[in-house]
$ cat input.cif   # mmCIF, C-alpha atoms
data_upload
loop_
_atom_site.label_atom_id
_atom_site.label_comp_id
_atom_site.auth_asym_id
_atom_site.auth_seq_id
_atom_site.Cartn_x
_atom_site.Cartn_y
_atom_site.Cartn_z
CA MET A 1 -11.55 3.96 26.54
CA ARG A 2 -9.71 2.31 23.64
CA THR A 3 -10.83 5.15 21.38
CA ILE A 4 -8.96 7.59 23.59
CA TYR A 5 -5.79 5.50 23.25
CA PHE A 6 -6.12 5.43 19.46
CA LEU A 7 -6.75 9.18 19.41
CA ALA A 8 -3.68 9.76 21.59
CA VAL A 9 -1.51 7.62 19.29
CA GLY A 10 -2.87 9.52 16.26
CA VAL A 11 -2.09 12.89 17.84
CA LEU A 12 1.40 11.67 18.77
CA LEU A 13 1.92 10.48 15.17
CA GLY A 14 0.76 13.85 13.84
CA ILE A 15 3.15 15.74 16.10
CA THR A 16 5.99 13.40 15.11
CA LEU A 17 5.24 13.83 11.39
CA PHE A 18 5.14 17.60 11.74
CA LYS A 19 8.26 17.95 13.89
CA SER A 20 10.30 15.54 11.71
CA GLU A 21 9.23 17.56 8.66
CA ALA A 22 7.77 14.43 7.05
CA ALA A 23 4.62 16.46 6.38
CA SER A 24 6.57 19.31 4.78
CA TRP A 25 5.78 19.94 1.13
CA PHE A 26 9.35 21.17 0.67
CA ARG A 27 10.79 17.89 2.03
CA ILE A 28 8.51 15.85 -0.23
CA TYR A 29 9.54 18.00 -3.23
CA GLU A 30 13.20 17.50 -2.27
CA MET A 31 12.66 13.75 -2.20
CA PHE A 32 11.18 13.64 -5.69
CA GLN A 33 14.06 15.81 -6.97
CA PHE A 34 16.60 13.44 -5.31
CA ASP A 35 18.11 16.46 -3.52
CA SER A 36 18.00 15.13 0.04
CA PHE A 37 18.14 11.84 1.96
CA HIS A 38 15.79 13.13 4.70
CA MET A 39 12.52 11.56 3.48
CA TYR A 40 14.21 8.38 2.23
CA GLY A 41 15.66 7.96 5.72
CA ILE A 42 12.23 8.34 7.33
CA ILE A 43 10.55 5.97 4.86
CA GLY A 44 13.40 3.45 5.07
CA THR A 45 13.24 3.47 8.87
CA ALA A 46 9.47 2.90 8.75
CA VAL A 47 9.80 0.02 6.28
CA GLY A 48 12.62 -1.60 8.26
CA LEU A 49 10.69 -1.29 11.52
CA GLY A 50 7.59 -2.70 9.81
CA VAL A 51 9.52 -5.76 8.60
CA LEU A 52 10.90 -6.35 12.09
CA VAL A 53 7.48 -6.03 13.76
CA VAL A 54 5.79 -8.36 11.24
CA GLN A 55 8.52 -10.97 11.76
CA LEU A 56 8.11 -10.62 15.53
CA ILE A 57 4.34 -11.11 15.22
CA LYS A 58 4.78 -14.19 13.03
CA ARG A 59 7.51 -15.88 15.10
CA LYS A 60 6.11 -15.15 18.58
CA LYS A 61 2.48 -15.73 17.48
CA LEU A 62 1.41 -12.52 19.21
CA LYS A 63 -2.20 -11.67 19.99
CA GLY A 64 -4.08 -8.46 19.24
CA PHE A 65 -5.84 -6.12 21.67
CA ASN A 66 -8.97 -8.28 21.56
CA GLY A 67 -7.02 -11.40 22.58
CA ALA A 68 -7.26 -13.15 19.19
CA GLN A 69 -4.08 -14.34 17.49
CA ILE A 70 -2.93 -12.01 14.71
CA GLN A 71 -3.23 -13.68 11.29
CA ILE A 72 -1.08 -12.37 8.45
CA ASN A 73 -2.22 -13.95 5.21
CA PRO A 74 0.29 -14.31 2.34
CA LYS A 75 -0.19 -11.91 -0.56
CA GLU A 76 -0.84 -13.02 -4.10
CA ASN A 77 1.89 -12.34 -6.65
CA ARG A 78 0.17 -9.56 -8.59
CA ARG A 79 3.15 -7.55 -9.71
CA TYR A 80 1.40 -5.34 -12.30
CA SER A 81 -1.50 -4.39 -10.01
CA TYR A 82 0.90 -3.32 -7.27
CA LEU A 83 3.09 -1.47 -9.77
CA LEU A 84 0.14 0.43 -11.26
CA GLY A 85 -1.32 1.17 -7.82
CA GLY A 86 2.06 2.42 -6.57
CA ILE A 87 2.47 4.68 -9.59
CA LEU A 88 -1.02 6.17 -9.13
CA PHE A 89 -0.44 6.63 -5.40
CA GLY A 90 2.93 8.29 -6.05
CA LEU A 91 1.49 10.63 -8.67
CA GLY A 92 -1.31 11.65 -6.31
CA TRP A 93 1.22 12.17 -3.53
CA ALA A 94 3.39 14.32 -5.79
CA LEU A 95 0.45 16.41 -7.04
CA ALA A 96 -1.05 16.95 -3.58
CA GLY A 97 2.27 17.45 -1.84
CA ALA A 98 1.24 15.06 0.93
CA CYS A 99 0.39 11.40 1.39
CA PRO A 100 -2.76 10.42 3.35
CA GLY A 101 -1.22 10.52 6.85
CA PRO A 102 0.30 14.01 6.74
CA MET A 103 -2.79 15.50 5.05
CA PHE A 104 -4.55 15.63 8.41
CA THR A 105 -1.39 16.80 10.15
CA LEU A 106 -1.09 19.69 7.70
CA LEU A 107 -4.78 20.54 8.13
CA GLY A 108 -4.29 20.60 11.90
CA SER A 109 -1.27 22.86 11.39
CA GLY A 110 -3.46 25.46 9.72
CA TYR A 111 -3.02 24.65 6.03
CA LEU A 112 -6.68 24.94 5.06
CA SER A 113 -5.92 24.07 1.42
CA MET A 114 -5.59 20.46 2.64
CA LEU A 115 -9.39 20.40 2.90
CA VAL A 116 -9.46 20.22 -0.91
CA VAL A 117 -6.94 17.36 -0.89
CA ILE A 118 -8.83 15.43 1.81
CA ALA A 119 -12.17 15.96 0.03
CA SER A 120 -10.59 14.76 -3.24
CA GLY A 121 -9.21 11.66 -1.51
CA LEU A 122 -12.63 10.86 -0.03
CA LEU A 123 -14.30 11.41 -3.42
CA GLY A 124 -11.75 9.11 -5.09
CA THR A 125 -12.40 6.42 -2.48
CA PHE A 126 -16.15 6.76 -3.03
CA VAL A 127 -15.78 6.48 -6.83
CA TYR A 128 -13.55 3.42 -6.39
CA GLY A 129 -16.27 1.83 -4.25
CA LEU A 130 -18.78 2.44 -7.05
CA ILE A 131 -16.65 0.93 -9.84
CA ARG A 132 -14.86 -1.76 -7.80
CA GLU A 133 -16.82 -4.67 -9.32
CA ASN A 134 -15.78 -3.61 -12.83
CA LEU A 135 -12.04 -3.52 -12.03
CA PRO A 136 -9.69 -6.51 -12.24
CA HIS A 137 -8.76 -7.82 -8.80
#

$ encode --input "input.cif" --output "structure tokens"
Amino acid sequence: MRTIYFLAVGVLLGITLFKSEAASWFRIYEMFQFDSFHMYGIIGTAVGLGVLVVQLIKRKKLKGFNGAQIQINPKENRRYSYLLGGILFGLGWALAGACPGPMFTLLGSGYLSMLVVIASGLLGTFVYGLIRENLPH
């Protein structure tokens, strides 16, 4: 039953991404050209809402769906790793024209070329899993 709820939330997210044009290649291109505030507004709203929800979870000591208290562990200060990871993620996003969430939305909208992007993302994840022990963490 919980799987159906998660599927429903995923479908709702996909519809929202498509209707708000957050999955639009043109909007993403506009963002990287600094021509429009549209995507920055969407991302800023998501980040702001995320900060509020995390603070709510921490202060009210909320519990998850399974009844266990939600634990948010502090992150290590690894500035260069996050910077390099963010740059690689951003370059991939710019080359593909979509970040991981909207890839599936675009595929569902009929853009079959997203199959190549999704397959490449899965291949990259697999290769990372193979070389993970050799990378600095």

$ residues_around --input "input.cif" --residues "region 98-113 of chain A" --least-positions-apart "2" --cutoff "9 Å" --atoms "all atoms listed in the file" --output "PyMOL selection string"
chain A and resi 11+13-15+17-18+22-25+28+89-90+92-96+115-118+121

$ write_last_selection --input "input.cif" --atoms "C-alpha atoms" --output "PDB file, keeping the file's coordinate frame"
ATOM      1  CA  VAL A  11      -2.090  12.890  17.840  1.00  0.00           C
ATOM      2  CA  LEU A  13       1.920  10.480  15.170  1.00  0.00           C
ATOM      3  CA  GLY A  14       0.760  13.850  13.840  1.00  0.00           C
ATOM      4  CA  ILE A  15       3.150  15.740  16.100  1.00  0.00           C
ATOM      5  CA  LEU A  17       5.240  13.830  11.390  1.00  0.00           C
ATOM      6  CA  PHE A  18       5.140  17.600  11.740  1.00  0.00           C
ATOM      7  CA  ALA A  22       7.770  14.430   7.050  1.00  0.00           C
ATOM      8  CA  ALA A  23       4.620  16.460   6.380  1.00  0.00           C
ATOM      9  CA  SER A  24       6.570  19.310   4.780  1.00  0.00           C
ATOM     10  CA  TRP A  25       5.780  19.940   1.130  1.00  0.00           C
ATOM     11  CA  ILE A  28       8.510  15.850  -0.230  1.00  0.00           C
ATOM     12  CA  PHE A  89      -0.440   6.630  -5.400  1.00  0.00           C
ATOM     13  CA  GLY A  90       2.930   8.290  -6.050  1.00  0.00           C
ATOM     14  CA  GLY A  92      -1.310  11.650  -6.310  1.00  0.00           C
ATOM     15  CA  TRP A  93       1.220  12.170  -3.530  1.00  0.00           C
ATOM     16  CA  ALA A  94       3.390  14.320  -5.790  1.00  0.00           C
ATOM     17  CA  LEU A  95       0.450  16.410  -7.040  1.00  0.00           C
ATOM     18  CA  ALA A  96      -1.050  16.950  -3.580  1.00  0.00           C
ATOM     19  CA  LEU A 115      -9.390  20.400   2.900  1.00  0.00           C
ATOM     20  CA  VAL A 116      -9.460  20.220  -0.910  1.00  0.00           C
ATOM     21  CA  VAL A 117      -6.940  17.360  -0.890  1.00  0.00           C
ATOM     22  CA  ILE A 118      -8.830  15.430   1.810  1.00  0.00           C
ATOM     23  CA  GLY A 121      -9.210  11.660  -1.510  1.00  0.00           C
TER      24      GLY A 121
END

$ closest_residue --input "input.cif" --among "A:Lys19, A:Gly97, A:Tyr5, A:Val54" --to "Met31 (chain A)" --atoms "only C-alpha atoms"
A:Gly97

$ atom_distance --input "input.cif" --atom1 "CA of Gln33 (chain A)" --atom2 "CA of Ser20 (chain A)"
19.1 Å

$ decode --input "input.cif" --residues "region 68-79 of chain A" --atoms "all heavy atoms" --output "compact mmCIF listing (two decimals), in the first residue's frame"
# COMPACT_ATOMS: atom_id res chain seq x y z
N ALA A 68 10.02 5.39 13.71
CA ALA A 68 11.32 5.70 14.30
C ALA A 68 11.61 7.19 14.16
O ALA A 68 11.21 7.83 13.19
CB ALA A 68 12.43 4.90 13.61
N GLN A 69 12.31 7.73 15.17
CA GLN A 69 12.66 9.15 15.12
C GLN A 69 13.63 9.41 13.98
O GLN A 69 14.56 8.63 13.74
CB GLN A 69 13.29 9.59 16.43
CG GLN A 69 13.52 11.08 16.50
CD GLN A 69 13.97 11.54 17.87
OE1 GLN A 69 13.84 10.82 18.84
NE2 GLN A 69 14.50 12.73 17.92
N ILE A 70 13.44 10.50 13.26
CA ILE A 70 14.30 10.86 12.13
C ILE A 70 15.61 11.41 12.66
O ILE A 70 15.62 12.36 13.44
CB ILE A 70 13.60 11.88 11.22
CG1 ILE A 70 12.30 11.30 10.68
CG2 ILE A 70 14.52 12.31 10.09
CD1 ILE A 70 11.45 12.30 9.91
N GLN A 71 16.72 10.82 12.25
CA GLN A 71 18.06 11.26 12.65
C GLN A 71 18.71 11.98 11.48
O GLN A 71 18.84 11.43 10.39
CB GLN A 71 18.92 10.05 13.03
CG GLN A 71 18.48 9.34 14.27
CD GLN A 71 18.97 10.04 15.53
OE1 GLN A 71 19.54 11.12 15.47
NE2 GLN A 71 18.74 9.41 16.66
N ILE A 72 19.14 13.19 11.70
CA ILE A 72 19.87 13.94 10.69
C ILE A 72 21.28 14.16 11.23
O ILE A 72 21.49 14.95 12.14
CB ILE A 72 19.18 15.29 10.37
CG1 ILE A 72 17.77 15.03 9.85
CG2 ILE A 72 20.00 16.07 9.36
CD1 ILE A 72 16.96 16.27 9.58
N ASN A 73 22.22 13.41 10.67
CA ASN A 73 23.60 13.49 11.13
C ASN A 73 24.30 14.71 10.54
O ASN A 73 24.07 15.05 9.37
CB ASN A 73 24.37 12.23 10.74
CG ASN A 73 23.77 10.99 11.38
OD1 ASN A 73 23.30 11.04 12.50
ND2 ASN A 73 23.77 9.89 10.65
N PRO A 74 25.17 15.38 11.30
CA PRO A 74 25.89 16.54 10.75
C PRO A 74 26.87 16.11 9.67
O PRO A 74 27.45 15.02 9.72
CB PRO A 74 26.63 17.10 11.97
CG PRO A 74 26.67 15.99 12.96
CD PRO A 74 25.50 15.10 12.68
N LYS A 75 27.02 16.96 8.67
CA LYS A 75 27.94 16.66 7.56
C LYS A 75 29.35 17.09 7.91
O LYS A 75 29.56 18.04 8.66
CB LYS A 75 27.49 17.39 6.30
CG LYS A 75 26.18 16.90 5.77
CD LYS A 75 26.18 17.04 4.28
CE LYS A 75 24.92 16.48 3.72
NZ LYS A 75 25.12 15.23 3.05
N GLU A 76 30.30 16.37 7.33
CA GLU A 76 31.71 16.75 7.49
C GLU A 76 31.98 17.98 6.63
O GLU A 76 31.33 18.20 5.62
CB GLU A 76 32.61 15.61 7.02
CG GLU A 76 32.49 14.35 7.84
CD GLU A 76 33.36 13.25 7.26
OE1 GLU A 76 34.39 13.56 6.61
OE2 GLU A 76 33.00 12.09 7.43
N ASN A 77 32.96 18.77 7.02
CA ASN A 77 33.34 19.95 6.25
C ASN A 77 34.32 19.51 5.17
O ASN A 77 35.53 19.52 5.37
CB ASN A 77 33.95 21.01 7.16
CG ASN A 77 34.18 22.30 6.42
OD1 ASN A 77 33.78 22.45 5.27
ND2 ASN A 77 34.83 23.24 7.07
N ARG A 78 33.78 19.11 4.02
CA ARG A 78 34.60 18.66 2.90
C ARG A 78 34.32 19.56 1.71
O ARG A 78 33.70 19.15 0.73
CB ARG A 78 34.29 17.20 2.60
CG ARG A 78 34.66 16.31 3.75
CD ARG A 78 34.32 14.88 3.57
NE ARG A 78 34.04 14.47 2.23
CZ ARG A 78 33.47 13.33 1.92
NH1 ARG A 78 33.12 12.51 2.86
NH2 ARG A 78 33.24 12.99 0.69
N ARG A 79 34.76 20.76 1.81
CA ARG A 79 34.45 21.81 0.84
C ARG A 79 34.83 21.42 -0.59
O ARG A 79 34.04 21.60 -1.52
CB ARG A 79 35.18 23.08 1.26
CG ARG A 79 34.73 24.31 0.55
CD ARG A 79 35.34 25.55 1.14
NE ARG A 79 34.94 25.63 2.55
CZ ARG A 79 35.59 26.31 3.47
NH1 ARG A 79 36.68 26.95 3.15
NH2 ARG A 79 35.18 26.35 4.70
